[in-house]
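Here the structure comes first, spelled out in structure tokens, and everything after it is commentary.
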Amino acid sequence: MCNETKQEAATEAKYFSGFAHVLALLFLHAPVAILSPADAFGGAASRGLYQDGDIIIGGLFHLHYVPPTTDHNFSSEPDYKECTGLEQLPLQYIYATVFAVEEINRNPRLLPGVSLGYHIRDSCAMHPWATQAALALVSGDSSTCNLTVTPVHAFEEGGRKGVPLIIGGASSKTAMILSRVLAPLSVPLMSYQASCPCLSDRRQFPNFFRTVPSDIYQARAIARLAIYFKWTWIGAVVANNDYGLVAVKVFQEETQGSGVCLAFVETLNRQIIKNDARKAALAIKASSAKVILVFSWYTDVRELFLQLAEMNVTDKQFLASEAWSTSGNLLQHPVTSKVASGVLGMAIRSSPIVGFEDYIRGLTPSHRPDDHILREFWEKQFACRPWLSNVTNLSDWSASLPMCGGEESLKGVDNLFTDTSQLRQAYNAYLAVYAAAHALHDRLSCPNSNMVSRDSSSTCLSPGNVKPAELLQHLNDVNFTTPQEERLYFEGADIPAKYDLVNWQMTTDGVLKLVLIGRVEGYEILMNDSAVQWSSGYSQVPTSVCSESCPPGTRVATRKGEPICCFDCIPCAEGEISNITGSPTCDRCPLEFWSNAEHTVCVLRQLDFLAFNETLGITLTAVAASGTLVTTAVFVVFLYYKHTPVVRANNSELSFLLLLSLKLCFLCSLLFIGRPSVWSCRFQQAAFGISFVLSVSCLQVKTIVVLAAFRSARPGAEALMKWFGPGQQRGSVCLFTSIQIIICIIWLSLSPPEPKPDFDTPGLKVTLKCDMASVVGFSLVLGYIGLLACTCLLLAFLARNLPDNFNEAKMITFSMLIFCAVWVAFVPAYVSSPGKYMVAVEIFAMLASSYGLLFCIFAPKCFIILLRPEKNTKKHLMAR
């Protein structure tokens with residue numbers, strides 16, 4: 001695991017890199033033996049594990065973990081006896097390495113005729129000791145003095161050759177230091193556990209390889225899990241070093257553009273872990289994020305869980321990195337089940353090794369008398385001393401133990417060493433041995449193996465000629481299938497990323513257990529969602545969002561100054577829709593469509609028009625029909641009393657023509673009701689313009705007749721009426737009307753109105769109306785009516801005070817005032833009316849002006865004819 005800071009590692013690496021160059025020069029001129037932790041216990045046998053072979057592979061493991069308290073340097077002999085705590089998991093890694101070597105030696109197809117050996121050393125989890133042990137492994141010989149001029153032998157069996165490869169570097173910091181130290185010697189270093197992304201840099205670490213994926217891949221995989229489960233609001237607690245800080249950076253890069261935000265990022269420093277853990281626990285408690293990502297070492301996580309338990313925070317879902325996702329210490333801790341059940345985590349991929357469990361449980365000191373590591377484990381496990389004939393010098397601990405009875409066996413022992421149910425780092429160590437073996441096999445295989453005899457003179461087949469630089473070159477090119485049917489090859493320093501997805505599930509006994517729920521292979525996640533038990537104890541995926549996803553029909557509106565995951569949901573505007581959850585924008589519907597009430601789908605707009613069967617249409621039809629009937633009634637009355645003075649006054653022929661035109665005005669309004677068609681659109685405007693011009697023309701001629709009659713009554717003006725007689729009156733009406741007819745013909749010929757939906761009007765219903773393709777033509781029609789009306793009003797106003805008892809000019813004045821007022825008010829009302837109400841306004845203006853003309857002109861006359869017949873005399877009409 002990459003659990004060290006880059007600055008600290010770089011400082012030590014720089015120191016050891018320089019030191020390595022000095023040592024390399026020494027190795028070139030004389031064999032050197034350097035004191036290692038093993039030597040303080042009476043030689044290699046007390047701590048190292050050795051097996052001879054044609055080619056020896058070096059191994060470096062953190063077997064003991066209690067660090068000494070004295071200052072460690074190369075100029076004094078440290079007190080190694082304090083490094084006594086035995087780790088069970090590294091012990092399993094060692095025997096996985098040994099098992100792989102023995103399995104390869106039995107394989108007739110891999111390294112045929114060549115036996116592999118191993119020399120395994122213990123670094124006691126200390127970087128200086130790891131460096132000393134690594135240099136001792138590559139030096140091989142022990143015939144010279146060490147740096148303190150004290151003759152010390154690296155191994156009791158002198159004269160051994162240096163190893164061409166070392167499997168080790170359990171931590172990223174140790175791997176960085178060892179890689180820099182061994183790089184000048186071109187000795188490959190293959191780690192089974194160092195996962196820092198920095199080690200992938202081939203320029204800095206050209207001799208480094210690993211069988212564990214880089215932490216970048218697990219950060220990417222966790223990011224994809226967050227996206228997959230739609231967790232957009234996540235808290236992060238990371239170690240304050242490369243392991244945590246690089247991981248959270250990669251997580252943010254991978255989720256960029258996916259709507260995933262970090263609610264907070266808290267760091268954990270191991271030196272002040274209690275303070276940092278409490279600070280992180282407070283942030284977790286205060287945050288609304290339900291999912292917490294933790295990238296740190298299991299000891300730091302344990303302190304975090306203790307703080308959360310004190311605060312009674314039990315409703316969070318934790319995402320675990322491989323550093324603590326499989327920690328048995330955490331799983332078995334009583335606090336964990338309270339605050340962190342349902343943990344979903346990445347784990348170093350596990351794989352069974354056929355025969356390894358039987359191999360582990362069959363280990364006994366009696367079968368391996370030279371295995372002092374196994375003897376130490378045996379003494380601690382069974383609290384007795386196995387009888388071995390070759391052991392003469394015993395430690396105080398061993399001497400105080402009773403002799404074993406011989407019935408002791410690992411077959412009934414259940415601990416971390418014997419647990420082979422999920423082999424992770426042990427499997428990586430196993431793969432490292434196979435990678436080295438295949439590189440050696442490629443090195444020792446001749447290009448034309450059938451033509452080369454297997455004798456000592458064949459350089460390609462001679463194990464004694466294997467050099468580290470050659471092995472380093474072949475390691476870059478290895479590509480083979482493991483006994484587990486897995487392809488293994490290196491991409492630079494790395495192998496293809498593979499992880500296990502694990503879940504902490506609560507059993508019926510109230511104990512947490514580790515359950516495999518899926519795998520990660522490269523960029524592909526294979527997971528059984530239904531097998532996951534979440535922190536709630538159920539299979540329902542927890543929700544962790546800053547803002548709930550905006551439902552269809554709304555859009556996302558980010559809040560100013562807040563992350564993009566925190567937003568408001570704004571309903572889509574009319575005519576716009578969003579049909580997906582969390583839509584950033586609303587899409588406008590095409591012109592022929594409109595949004596439904598929920599703003600989730602565009603529906604075809606309904607054509608709307610002023611129909612005869614709706615209330616407004618019925619009302620206007622009734623009013624128009626009534627006007628037609630009243631006009632007809634007046635026409636009948638006038639026709640019946642056509643010889644009376646009231647009817648004959650001011651040209652009865654014009655009165656009948658006016659009644660006919662008014663009747664047409666009432667009837668033409670009905671053309672505007674109903675579904676518009678091509679011919680109705682053309683005919684209605686022409687009928688409207690011609691009917692009203694005919695009406696106003698009759699009134700204008702009537703007014704002119706009144707003025708002419710008054711002027712002809714003056715002396716010397718008798719001939720005036722001769723020039724404006726009935727023929728001229730009819731001709732004038734025809735002339736005025738013909739002008740409107742010509743305007744309508746030209747308009748309808750060049751650019752006639754056509755039925756067209758009014759898509760510019762918002763709403764689900766779109767009005768089907770007669771679209772004025774030429775506004776000029778319509779304006780000329782209305783303008784001509786207005787011109788005649790204004791002229792008529794002016795003439796009638798001038799004739800209003802003529803000295804007749806029955807002066808029709810007054811009635812024309814009032815009628816034209818109403819007519820002009822109606823049409824002046826019509827223009828703004830018409831423009832501002834939406835949809836079909838625009839048509840209704842035009843019909844209302846037509847009916848109102850028609851009724852105004854009808855009542856103002858003919859109501860007084862009908863009143864006299866029907867109710868005051870005594871006034872229907874020429875004498876009365878001519879009275880002054």
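Residue names in the structure tokens use chain letters A, B, ... in the order shown, residue numbers from 1 in each chain, and ligand numbers from 1 in the order shown.
Every protein, DNA or RNA residue with an atom at most 10 Å from Phe635 (chain A), where only C-alpha atoms count and chain neighbours fewer than 6 positions away do not, is listed here: Leu629, Tyr641, Lys642, Ser655, Phe656, Leu657, Leu658, Leu659, Leu660, Lys663 and Phe858 of chain A.
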Region 486-574 of chain A residues near region 245-259 of chain A within 12 Å, closest pair each, using only C-alpha atoms, as a Markdown table:
| residue | atom | partner | partner_atom | distance |
| --- | --- | --- | --- | --- |
| A:Tyr523 | CA | A:Glu254 | CA | 11.7 |
| A:Val545 | CA | A:Gly259 | CA | 10.0 |
| A:Cys546 | CA | A:Gly259 | CA | 10.7 |
| A:Ser547 | CA | A:Gly259 | CA | 11.1 |
| A:Ser549 | CA | A:Gly259 | CA | 10.6 |
| A:Val556 | CA | A:Gly259 | CA | 11.4 |
| A:Thr558 | CA | A:Gly259 | CA | 11.5 |
| A:Pro563 | CA | A:Gly259 | CA | 9.5 |
| A:Ile564 | CA | A:Gly259 | CA | 6.9 |
| A:Cys565 | CA | A:Gly259 | CA | 6.0 |
| A:Cys566 | CA | A:Gly259 | CA | 9.7 |
| A:Phe567 | CA | A:Gly259 | CA | 11.1 |
Next on the checklist: Which residue is closest to Phe99 (chain A)? Choose from A:Phe593, A:Tyr50, A:Phe612, A:Tyr430 and count only C-alpha atoms.
Outcome noted: A:Tyr430
Next on the checklist: Env of Ala789 (chain A): 12 Å cut, atoms = only C-alpha atoms, seq-sep filter 6 positions within chain, self excluded. Answer as JSON, numbers by chain.
Outcome noted: {"A": [692, 693, 694, 695, 696, 697, 698, 699, 700, 701, 703, 736, 782, 783, 795, 796, 797, 812, 813, 814, 815, 816, 817, 818, 819, 820, 821, 822, 823, 824, 849, 853]}
Checklist entry - Could you state the separation of CA of Ala383 (chain A) and CA of Tyr93 (chain A) in Å, given to one decimal place? => result 23.0 Å
Checklist entry - Hey, what's within 12 Å of Arg302 (chain A) if we count only C-alpha atoms and toss same-chain stuff fewer than 3 positions away? As a count of residues only, please? => result 32
When you look at Ile843 (chain A) with a cut-off of 12 Å (counting only C-alpha atoms), what residues show up, excluding the ones that are within fewer than 2 positions of it in the same chain? I need them as a PDB file with N, CA and C atoms, in the first residue's frame.
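Result file follows (result_25.pdb):
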ATOM      1  N   LEU A 610     -63.125  29.855 -34.325  1.00  0.00           N
ATOM      2  CA  LEU A 610     -64.434  30.284 -33.826  1.00  0.00           C
ATOM      3  C   LEU A 610     -65.507  29.442 -34.512  1.00  0.00           C
ATOM      4  N   LEU A 616     -69.513  31.404 -27.783  1.00  0.00           N
ATOM      5  CA  LEU A 616     -69.225  32.683 -28.434  1.00  0.00           C
ATOM      6  C   LEU A 616     -69.741  32.682 -29.865  1.00  0.00           C
ATOM      7  N   GLY A 617     -69.546  31.583 -30.562  1.00  0.00           N
ATOM      8  CA  GLY A 617     -70.025  31.495 -31.941  1.00  0.00           C
ATOM      9  C   GLY A 617     -71.539  31.555 -32.021  1.00  0.00           C
ATOM     10  N   THR A 619     -73.528  32.979 -29.860  1.00  0.00           N
ATOM     11  CA  THR A 619     -73.952  34.345 -29.495  1.00  0.00           C
ATOM     12  C   THR A 619     -73.808  35.296 -30.682  1.00  0.00           C
ATOM     13  N   LEU A 620     -72.631  35.267 -31.309  1.00  0.00           N
ATOM     14  CA  LEU A 620     -72.422  36.164 -32.440  1.00  0.00           C
ATOM     15  C   LEU A 620     -73.334  35.821 -33.611  1.00  0.00           C
ATOM     16  N   THR A 621     -73.584  34.531 -33.813  1.00  0.00           N
ATOM     17  CA  THR A 621     -74.511  34.130 -34.880  1.00  0.00           C
ATOM     18  C   THR A 621     -75.916  34.638 -34.600  1.00  0.00           C
ATOM     19  N   VAL A 623     -76.712  37.246 -32.756  1.00  0.00           N
ATOM     20  CA  VAL A 623     -76.750  38.707 -32.910  1.00  0.00           C
ATOM     21  C   VAL A 623     -76.794  39.079 -34.390  1.00  0.00           C
ATOM     22  N   ALA A 624     -75.994  38.397 -35.213  1.00  0.00           N
ATOM     23  CA  ALA A 624     -75.996  38.686 -36.648  1.00  0.00           C
ATOM     24  C   ALA A 624     -77.348  38.348 -37.274  1.00  0.00           C
ATOM     25  N   CYS A 665     -74.075  43.438 -44.477  1.00  0.00           N
ATOM     26  CA  CYS A 665     -73.075  43.580 -43.398  1.00  0.00           C
ATOM     27  C   CYS A 665     -73.332  42.566 -42.295  1.00  0.00           C
ATOM     28  N   PHE A 666     -74.609  42.421 -41.912  1.00  0.00           N
ATOM     29  CA  PHE A 666     -74.939  41.432 -40.875  1.00  0.00           C
ATOM     30  C   PHE A 666     -74.628  40.009 -41.345  1.00  0.00           C
ATOM     31  N   LEU A 667     -74.940  39.733 -42.578  1.00  0.00           N
ATOM     32  CA  LEU A 667     -74.752  38.380 -43.085  1.00  0.00           C
ATOM     33  C   LEU A 667     -73.279  38.041 -43.305  1.00  0.00           C
ATOM     34  N   CYS A 668     -72.481  39.020 -43.758  1.00  0.00           N
ATOM     35  CA  CYS A 668     -71.070  38.726 -44.025  1.00  0.00           C
ATOM     36  C   CYS A 668     -70.301  38.409 -42.745  1.00  0.00           C
ATOM     37  N   SER A 669     -70.824  38.873 -41.599  1.00  0.00           N
ATOM     38  CA  SER A 669     -70.158  38.542 -40.332  1.00  0.00           C
ATOM     39  C   SER A 669     -70.193  37.038 -40.069  1.00  0.00           C
ATOM     40  N   LEU A 670     -71.226  36.365 -40.645  1.00  0.00           N
ATOM     41  CA  LEU A 670     -71.317  34.913 -40.451  1.00  0.00           C
ATOM     42  C   LEU A 670     -70.216  34.178 -41.211  1.00  0.00           C
ATOM     43  N   LEU A 671     -69.627  34.832 -42.229  1.00  0.00           N
ATOM     44  CA  LEU A 671     -68.544  34.195 -42.966  1.00  0.00           C
ATOM     45  C   LEU A 671     -67.282  34.030 -42.127  1.00  0.00           C
ATOM     46  N   PHE A 672     -67.189  34.804 -41.066  1.00  0.00           N
ATOM     47  CA  PHE A 672     -66.008  34.742 -40.206  1.00  0.00           C
ATOM     48  C   PHE A 672     -66.118  33.631 -39.161  1.00  0.00           C
ATOM     49  N   ILE A 673     -67.273  33.010 -39.033  1.00  0.00           N
ATOM     50  CA  ILE A 673     -67.484  31.938 -38.059  1.00  0.00           C
ATOM     51  C   ILE A 673     -67.367  30.605 -38.787  1.00  0.00           C
ATOM     52  N   GLN A 684     -64.661  36.319 -47.346  1.00  0.00           N
ATOM     53  CA  GLN A 684     -65.111  37.073 -46.171  1.00  0.00           C
ATOM     54  C   GLN A 684     -64.545  38.483 -46.153  1.00  0.00           C
ATOM     55  N   GLN A 685     -63.277  38.652 -46.515  1.00  0.00           N
ATOM     56  CA  GLN A 685     -62.708  39.993 -46.496  1.00  0.00           C
ATOM     57  C   GLN A 685     -63.286  40.867 -47.615  1.00  0.00           C
ATOM     58  N   PHE A 688     -66.829  41.763 -46.590  1.00  0.00           N
ATOM     59  CA  PHE A 688     -66.780  42.770 -45.521  1.00  0.00           C
ATOM     60  C   PHE A 688     -66.473  44.150 -46.095  1.00  0.00           C
ATOM     61  N   VAL A 822     -66.426  52.879 -33.189  1.00  0.00           N
ATOM     62  CA  VAL A 822     -66.292  51.420 -33.144  1.00  0.00           C
ATOM     63  C   VAL A 822     -65.019  50.969 -33.848  1.00  0.00           C
ATOM     64  N   TRP A 823     -64.762  51.508 -35.045  1.00  0.00           N
ATOM     65  CA  TRP A 823     -63.616  51.038 -35.819  1.00  0.00           C
ATOM     66  C   TRP A 823     -62.291  51.598 -35.318  1.00  0.00           C
ATOM     67  N   PHE A 826     -61.585  49.307 -32.627  1.00  0.00           N
ATOM     68  CA  PHE A 826     -61.355  47.960 -33.149  1.00  0.00           C
ATOM     69  C   PHE A 826     -59.869  47.665 -33.356  1.00  0.00           C
ATOM     70  N   ALA A 829     -57.901  46.678 -30.178  1.00  0.00           N
ATOM     71  CA  ALA A 829     -58.492  45.453 -29.650  1.00  0.00           C
ATOM     72  C   ALA A 829     -58.186  44.274 -30.544  1.00  0.00           C
ATOM     73  N   TYR A 830     -58.199  44.495 -31.836  1.00  0.00           N
ATOM     74  CA  TYR A 830     -57.937  43.428 -32.797  1.00  0.00           C
ATOM     75  C   TYR A 830     -56.490  42.946 -32.690  1.00  0.00           C
ATOM     76  N   LYS A 836     -58.591  32.999 -31.590  1.00  0.00           N
ATOM     77  CA  LYS A 836     -59.886  33.154 -32.237  1.00  0.00           C
ATOM     78  C   LYS A 836     -60.619  34.398 -31.755  1.00  0.00           C
ATOM     79  N   TYR A 837     -60.187  34.971 -30.626  1.00  0.00           N
ATOM     80  CA  TYR A 837     -60.852  36.169 -30.128  1.00  0.00           C
ATOM     81  C   TYR A 837     -60.544  37.366 -31.018  1.00  0.00           C
ATOM     82  N   MET A 838     -59.481  37.288 -31.798  1.00  0.00           N
ATOM     83  CA  MET A 838     -59.204  38.328 -32.777  1.00  0.00           C
ATOM     84  C   MET A 838     -60.319  38.372 -33.829  1.00  0.00           C
ATOM     85  N   VAL A 839     -60.754  37.186 -34.246  1.00  0.00           N
ATOM     86  CA  VAL A 839     -61.854  37.109 -35.202  1.00  0.00           C
ATOM     87  C   VAL A 839     -63.145  37.604 -34.563  1.00  0.00           C
ATOM     88  N   ALA A 840     -63.341  37.226 -33.299  1.00  0.00           N
ATOM     89  CA  ALA A 840     -64.556  37.655 -32.595  1.00  0.00           C
ATOM     90  C   ALA A 840     -64.619  39.172 -32.471  1.00  0.00           C
ATOM     91  N   VAL A 841     -63.448  39.810 -32.242  1.00  0.00           N
ATOM     92  CA  VAL A 841     -63.414  41.273 -32.146  1.00  0.00           C
ATOM     93  C   VAL A 841     -63.817  41.903 -33.471  1.00  0.00           C
ATOM     94  N   ALA A 845     -67.041  44.254 -34.115  1.00  0.00           N
ATOM     95  CA  ALA A 845     -66.968  45.591 -34.704  1.00  0.00           C
ATOM     96  C   ALA A 845     -67.924  45.717 -35.882  1.00  0.00           C
ATOM     97  N   MET A 846     -68.007  44.690 -36.673  1.00  0.00           N
ATOM     98  CA  MET A 846     -68.926  44.721 -37.813  1.00  0.00           C
ATOM     99  C   MET A 846     -70.375  44.816 -37.344  1.00  0.00           C
ATOM    100  N   LEU A 847     -70.738  44.000 -36.349  1.00  0.00           N
ATOM    101  CA  LEU A 847     -72.124  44.013 -35.854  1.00  0.00           C
ATOM    102  C   LEU A 847     -72.449  45.314 -35.152  1.00  0.00           C
ATOM    103  N   ALA A 848     -71.498  45.805 -34.342  1.00  0.00           N
ATOM    104  CA  ALA A 848     -71.759  47.053 -33.604  1.00  0.00           C
ATOM    105  C   ALA A 848     -71.945  48.224 -34.559  1.00  0.00           C
ATOM    106  N   SER A 849     -71.067  48.325 -35.553  1.00  0.00           N
ATOM    107  CA  SER A 849     -71.202  49.435 -36.502  1.00  0.00           C
ATOM    108  C   SER A 849     -72.464  49.291 -37.342  1.00  0.00           C
ATOM    109  N   SER A 850     -72.828  48.043 -37.690  1.00  0.00           N
ATOM    110  CA  SER A 850     -74.049  47.828 -38.477  1.00  0.00           C
ATOM    111  C   SER A 850     -75.282  48.200 -37.671  1.00  0.00           C
TER     112      SER A 850
END
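When only C-alpha atoms are used to compute distances to Trp504 (chain A), the closest of the residues A:Met772, A:Ile56, A:Leu344, A:Cys681 turns out to be A:Leu344.
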Next on the checklist: Just want the 7 Å neighbourhood of Val515 (chain A), counted on only C-alpha atoms, with same-chain residues fewer than 2 positions away dropped. Output as a list in words.
Outcome noted: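 Selected residues are Val502, Asn503, Trp504, Gln505, Lys513 and Ile517 of chain A.
In this structure, CA of Gly58 (chain A) sits 12.7 Å away from CA of Leu182 (chain A).
Taking only C-alpha atoms into account, Gly777 (chain A) lies nearest to A:Arg682 out of the set A:Arg443, A:His62, A:Arg203, A:Arg682.
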